[in-house]
Amino acid sequence: MRFRTLIIALLLAGLVAPPTGAQETGTRPTGTVVGTVVSATGEPVALAQIEILDTDLLAVSDEMGRFAIRSVPPGVYSLRAAALGYRPVLQANLVVGTGKPLTVRVELPTQPIELDVIEVAPSYFIEPEREAASNVRTLDGVETRRAPGVLEDVVRSVALLPGVAVPSPGRNDLAVRGGAPFESLFLVDGIEVPNINHFGSQGSTGGPLSLINIEFVRETNFASGGIGVRYGDRTASVTDIGLRAGNEERLSGTINVSATGAGAILEGPLGSSGSFLFSARRSYLDFLFSAAGFSFVPSYWDFQLKTRNRLGRNDALSFLFVGALDDITFNTEDEDDEYENSRILAPKVRQYFAGVTWDRSFSSSQLAVSLGRTFSSFETTQTLFTDPPQTIFSNVSSEGENSLRIEWATDPARKLAWTIGNTLKFASDLSYDVEVAGQIRTDSLGTPQPLVVDTSFTAFRNATYLELAARPVDRLRLTAGVRADYYDFVEDGFRLSPRLGAAWQVASSTSLKGSIGRYVQPPSYIWLIGDPANPETLEPIVSDQITLGIEQLLRPDLRLQIEGYVKEYEDYPARVFRPQAVLSPSGFEDATSDIPFGLEPLLSVGTGSVFGLEVFLQKRLSEVPVYGLLALSASRAEYASLEGVDRPGTYDTRFIGSVSAGWRINTKWEVSGKFRIATGLPTTPFITSGPDTGQRDWTLYNQGERFPTFNALDLRVDRRFSFSGWQLELYLDVQNVYGRKNISAVRWDPRTNEPEYNEALGVLPTIGINVDF
């Protein structure tokens with residue numbers, strides 16, 4: 001408690017300290033805004049007028065679409081861009097500092113020639129027009145970074161959106177609309193990423209902390225229904241993270257100290273027509289955990305590099321690399337340490353994803369060709385500190401996959417637009433050396449079934465898709481698409497996924513949206529080695545989904561979205577050793593809690609049904625210096641396994657509510673807060689007497705008492721100091737302000753012969769420091 005008090009006191013001293021330097025010179029430091037203006041197809045837009053609202057500062061784009069606005073006083077602004085033949089747009093929440101130049105990318109939608117829409121004033125909400133049939137939720141980079149309680153983590157910011165449940169507050173396992181975390185798709189600059197987190201769960205998408213440096217994020221688009229055919233291989237949601245380019249103005253950078261680590265960013269021009277953006281981060285969790293006396297000590301590094309070069313007016317070549325090194329070490333000084341360490345999986349993870357993308361823009365279409373590779377290696381063990389020590393789980397494996405994606409799309413504003421593409425993936429490096437002890441891998445009768453696997457193989461998959469979008473009348477947009485997937489690593493690997501959507505603008509600020517479609521997802525590679533028969537018994541998961549929603553623009557900076565949905569699953573992996581349950585792995589921190597990573601016999605005979613209603617209210621920063629999100633979700637999820645009995649899903653969160661709001665008091669101060677509440681997840685009770693004491697009673701799978709209702713309040717204060725040529729930002733982020741002991745997991749304690757509940761930490765204050773230069 002004294003340590004936390006000291007942290008808060010030191011930060012508050014910095015927050016209230018008067019800035020020096022700039023004021024002493026008598027000159028007011030200024031910043032610079034640089035960027036490019038492009039069309040919906042990526043073609044540079046010349047002679048666009050860009051103005052910073054509430055100032056007399058403006059610029060006109062050149063032939064390459066570039067512009068620069070200098071001598072901008074530090075502050076938070078909205079930018080308006082307009083050009084002949086295009087709809088004007090607003091970009092809000094632009095934070096201009098006196099350090100590095102602010103880089104923006106403005107995309108102007110084509111103005112249809114025959115437009116019967118009364119209201120053509122620019123809106124603060126700009127979503128991808130290709131996804132008009134879905135309720136895409138967009139968070140810009142500033143909204144993502146400033147959200148209180150998310151530790152400047154882009155994945156945790158997505159958890160503020162409707163329909164997203166977080167099974168464990170300390171992890172990024174996102175369970176969307178009743179689905180498992182492995183059903184969520186993540187893309188970074190168009191590259192599909194198997195797992196976007198440090199210490200990621202193999203075969204799923206969760207982990208404690210995102211790999212992506214928040215300073216790189218330009219915007220995040222999230223969709224959980226009505227998703228177009230260009231996205232596949234997942235059945236719950238798509239999170240598409242777009243990264244900004246480095247500035248072409250001058251060499252600059254950022255030094256950052258956050259709640260979890262410290263890092264540095266360097267960016268600047270690359271030749272005469274390009275830019276680079278590089279970062280390196282190291283966690284200091286190992287120092288904090290050691291100082292706090294924890295028996296396990298995690299640490300990580302991550303590195304990111306993005307370059308972008310223009311090869312002419314209509315061609316661009318970009319490169320992206322993101323890599324991470326994750327380690328856990330143990331301090332075993334006494335019997336308590338031995339006991340605690342014996343209940344923790346110790347992963348050593350090495351992973352990266354990289355890609356090269358060529359973009360060719362035309363006046364009415366765009367061609368994109370991407371060559372990518374993802375790779376992860378895992379060395380994971382769990383050892384019981386008996387005499388002698390006994391390893392109950394060992395996993396030395398690697399998963400490497402190469403991809404080639406080609407997509408050609410026309411301007412979505414056309415009367416008849418189309419998108420055609422193909423994605424080819426070849427997993428050239430799938431290698432597994434796995435041992436699971438019989439005592440943690442038992443069948444339905446409790447008989448030990450140890451697993452020993454030493455194998456390697458390759459896998460091929462291909463997806464071809466076509467989508468047509470028509471405007472029979474100006475206010476109505478219809479989409480029809482089909483996706484053909486082929487997977488050579490399952491018996492019946494060919495699947496067709498038709499999808500239909502409609503968006504009808506019933507008034508200038510009101511739209512109705514609906515969709516119906518099929519989504520398929522192949523089994524994770526590690527599931528294939530869980531039993532010799534799994535490659536023959538596993539099939540792609542199939543989910544048929546219907547959505548219907550309404551969108552109301554209450555004012556240019558305030559939007560309301562309401563959407564209902566129904567999802568029906570078939571061919572869901574059912575667990576042979578647990579015939580009451582379907583497979584629903586999340587994060588595995590203890591292999592003794594259940595059979596880990598789907599390493600068991602599985603049959604694709606499970607079914608599921610999910611339905612729900614979501615309400616989303618979003619306020620963008622504007623002349624009213626308040627911003628925020630309100631998300632309400634009500635749903636019900638049930639699944640049936642081999643027994644054929646419908647039971648609550650593992651991630652059946654009946655109600656989720658969150659509100660996040662902030663107030664920009666002036667150019668220096670900002671305060672924000674977040675409150676989240678959610679009904680507890682279902683549990684499977686333990687057997688408390690007899691020879692099976694401590695084992696879960698699978699006959700009551702997910703029918704035990706639910707965890708208590710989750711609720712927590714987070715608060716944050718930001719303070720900015722501007723100097724000539726550099727800027728200092730400080731923040732204080734206090735999580736779980738009133739110290740709620742939320743419960744997210746339960747396991748059996750053999751020492752006390754009773755359940756042990758995993759409670760969240762109490763009040764957790766953290767500080768952050770950013771220096772831009």
# chains A, B, ... in the order shown; residues from 1 in each chain; ligands from 1
call {"tool": "select_by_dssp", "arguments": {"residues": "segment 440-630 of chain A", "states": "helix (DSSP H, G or I)", "output": "list of chain:residue names"}}
result
A:Tyr525, A:Ile526, A:Trp527, A:Leu528, A:Ile529, A:Asn534, A:Pro535, A:Glu536, A:Thr537, A:Pro596, A:Phe597, A:Gly598
call {"tool": "residues_around", "arguments": {"residues": "Leu209 of chain A", "least_positions_apart": "3", "cutoff": "12 Å", "atoms": "only C-alpha atoms", "output": "ChimeraX atom specification"}}
result
/A:150-157,169-173,195-201,205-206,212-214,259-261,283,285,298-302,324,326
call {"tool": "residues_around", "arguments": {"residues": "segment 487-500 of chain A", "least_positions_apart": "4", "cutoff": "8 Å", "atoms": "only C-alpha atoms", "output": "list in words"}}
result
Gly228, Val229, Ala459, Phe460, Arg461, Asn462, Leu478, Thr479, Ala480, Gly481, Val482, Arg483, Ser515, Ile516, Gly517, Arg518, Tyr519, Val520, Pro522, Pro535, Glu536, Thr537, Leu538, Glu539 and Pro540 of chain A
call {"tool": "select_by_dssp", "arguments": {"residues": "segment 127-188 of chain A", "states": "strand (DSSP E or B)", "output": "MDAnalysis selection string"}}
result
chainID A and resid 137:140 164:165 175:176 184:188
call {"tool": "residues_around", "arguments": {"residues": "segment 309-317 of chain A", "least_positions_apart": "2", "cutoff": "10 Å", "atoms": "only C-alpha atoms", "output": "number ranges by chain"}}
result
A: 42-44, 63-65, 245, 269-276, 307, 319, 356-363, 366-370
call {"tool": "residues_around", "arguments": {"residues": "Ala417 of chain A", "least_positions_apart": "5", "cutoff": "9 Å", "atoms": "only C-alpha atoms", "output": "ChimeraX atom specification"}}
result
/A:409-412,467-471
call {"tool": "write_last_selection", "arguments": {"atoms": "all heavy atoms", "output": "compact mmCIF listing (two decimals), in the first residue's frame"}}
result
# COMPACT_ATOMS: atom_id res chain seq x y z
N ALA A 409 -10.68 -4.83 -56.19
CA ALA A 409 -11.98 -4.28 -55.79
C ALA A 409 -12.24 -2.97 -56.50
O ALA A 409 -11.32 -2.17 -56.70
CB ALA A 409 -12.03 -4.08 -54.27
N THR A 410 -13.49 -2.76 -56.87
CA THR A 410 -13.87 -1.50 -57.49
C THR A 410 -14.33 -0.52 -56.42
O THR A 410 -14.54 -0.87 -55.26
CB THR A 410 -15.00 -1.71 -58.51
OG1 THR A 410 -16.13 -2.28 -57.83
CG2 THR A 410 -14.56 -2.65 -59.62
N ASP A 411 -14.49 0.72 -56.83
CA ASP A 411 -14.96 1.77 -55.93
C ASP A 411 -16.33 1.39 -55.39
O ASP A 411 -17.28 1.16 -56.16
CB ASP A 411 -15.04 3.09 -56.69
CG ASP A 411 -15.29 4.28 -55.77
OD1 ASP A 411 -15.90 4.09 -54.69
OD2 ASP A 411 -14.89 5.40 -56.12
N PRO A 412 -16.49 1.28 -54.06
CA PRO A 412 -17.79 0.86 -53.51
C PRO A 412 -18.91 1.84 -53.75
O PRO A 412 -20.08 1.50 -53.55
CB PRO A 412 -17.49 0.72 -52.00
CG PRO A 412 -16.30 1.59 -51.77
CD PRO A 412 -15.48 1.53 -53.01
N GLU A 467 -17.75 -10.87 -54.28
CA GLU A 467 -18.87 -10.12 -53.69
C GLU A 467 -19.31 -9.03 -54.64
O GLU A 467 -18.47 -8.30 -55.19
CB GLU A 467 -18.47 -9.52 -52.35
CG GLU A 467 -19.62 -8.84 -51.61
CD GLU A 467 -19.26 -8.48 -50.19
OE1 GLU A 467 -18.62 -7.43 -50.00
OE2 GLU A 467 -19.59 -9.27 -49.27
N LEU A 468 -20.62 -8.92 -54.83
CA LEU A 468 -21.22 -7.88 -55.65
C LEU A 468 -22.03 -6.96 -54.75
O LEU A 468 -22.71 -7.41 -53.82
CB LEU A 468 -22.13 -8.48 -56.72
CG LEU A 468 -21.49 -9.46 -57.71
CD1 LEU A 468 -22.55 -10.04 -58.64
CD2 LEU A 468 -20.38 -8.79 -58.49
N ALA A 469 -21.94 -5.66 -55.03
CA ALA A 469 -22.72 -4.67 -54.29
C ALA A 469 -23.45 -3.79 -55.29
O ALA A 469 -22.82 -3.18 -56.17
CB ALA A 469 -21.82 -3.82 -53.40
N ALA A 470 -24.77 -3.74 -55.18
CA ALA A 470 -25.59 -3.00 -56.13
C ALA A 470 -26.41 -1.94 -55.42
O ALA A 470 -26.82 -2.12 -54.26
CB ALA A 470 -26.50 -3.95 -56.90
N ARG A 471 -26.65 -0.84 -56.14
CA ARG A 471 -27.53 0.23 -55.65
C ARG A 471 -28.70 0.37 -56.63
O ARG A 471 -28.66 1.20 -57.55
CB ARG A 471 -26.77 1.55 -55.56
CG ARG A 471 -25.66 1.57 -54.53
CD ARG A 471 -24.98 2.93 -54.50
NE ARG A 471 -23.87 2.97 -53.58
CZ ARG A 471 -23.96 3.28 -52.29
NH1 ARG A 471 -25.15 3.55 -51.78
NH2 ARG A 471 -22.90 3.30 -51.52
call {"tool": "decode", "arguments": {"residues": "segment 617-628 of chain A", "atoms": "N, CA and C atoms", "output": "PDB file, in the first residue's frame"}}
result
ATOM      1  N   LEU A 617     -23.955   3.198 -28.167  1.00  0.00           N
ATOM      2  CA  LEU A 617     -24.012   4.647 -28.315  1.00  0.00           C
ATOM      3  C   LEU A 617     -22.585   5.183 -28.267  1.00  0.00           C
ATOM      4  N   GLN A 618     -22.199   5.930 -29.289  1.00  0.00           N
ATOM      5  CA  GLN A 618     -20.826   6.422 -29.380  1.00  0.00           C
ATOM      6  C   GLN A 618     -20.826   7.925 -29.604  1.00  0.00           C
ATOM      7  N   LYS A 619     -20.065   8.632 -28.769  1.00  0.00           N
ATOM      8  CA  LYS A 619     -19.905  10.090 -28.886  1.00  0.00           C
ATOM      9  C   LYS A 619     -18.454  10.379 -29.258  1.00  0.00           C
ATOM     10  N   ARG A 620     -18.262  11.009 -30.397  1.00  0.00           N
ATOM     11  CA  ARG A 620     -16.930  11.384 -30.849  1.00  0.00           C
ATOM     12  C   ARG A 620     -16.586  12.787 -30.339  1.00  0.00           C
ATOM     13  N   LEU A 621     -15.303  13.015 -30.131  1.00  0.00           N
ATOM     14  CA  LEU A 621     -14.843  14.328 -29.702  1.00  0.00           C
ATOM     15  C   LEU A 621     -15.103  15.346 -30.806  1.00  0.00           C
ATOM     16  N   SER A 622     -15.643  16.487 -30.432  1.00  0.00           N
ATOM     17  CA  SER A 622     -15.989  17.526 -31.400  1.00  0.00           C
ATOM     18  C   SER A 622     -15.841  18.873 -30.702  1.00  0.00           C
ATOM     19  N   GLU A 623     -16.638  19.865 -31.161  1.00  0.00           N
ATOM     20  CA  GLU A 623     -16.626  21.141 -30.444  1.00  0.00           C
ATOM     21  C   GLU A 623     -17.137  20.978 -29.019  1.00  0.00           C
ATOM     22  N   VAL A 624     -17.893  19.920 -28.795  1.00  0.00           N
ATOM     23  CA  VAL A 624     -18.263  19.525 -27.428  1.00  0.00           C
ATOM     24  C   VAL A 624     -17.142  18.624 -26.917  1.00  0.00           C
ATOM     25  N   PRO A 625     -16.335  19.066 -25.966  1.00  0.00           N
ATOM     26  CA  PRO A 625     -15.097  18.350 -25.618  1.00  0.00           C
ATOM     27  C   PRO A 625     -15.312  17.110 -24.744  1.00  0.00           C
ATOM     28  N   VAL A 626     -16.324  16.327 -25.071  1.00  0.00           N
ATOM     29  CA  VAL A 626     -16.648  15.113 -24.330  1.00  0.00           C
ATOM     30  C   VAL A 626     -16.751  13.970 -25.331  1.00  0.00           C
ATOM     31  N   TYR A 627     -16.243  12.825 -24.971  1.00  0.00           N
ATOM     32  CA  TYR A 627     -16.328  11.657 -25.829  1.00  0.00           C
ATOM     33  C   TYR A 627     -16.686  10.453 -24.973  1.00  0.00           C
ATOM     34  N   GLY A 628     -17.184   9.386 -25.606  1.00  0.00           N
ATOM     35  CA  GLY A 628     -17.523   8.220 -24.796  1.00  0.00           C
ATOM     36  C   GLY A 628     -18.195   7.118 -25.589  1.00  0.00           C
TER      37      GLY A 628
END
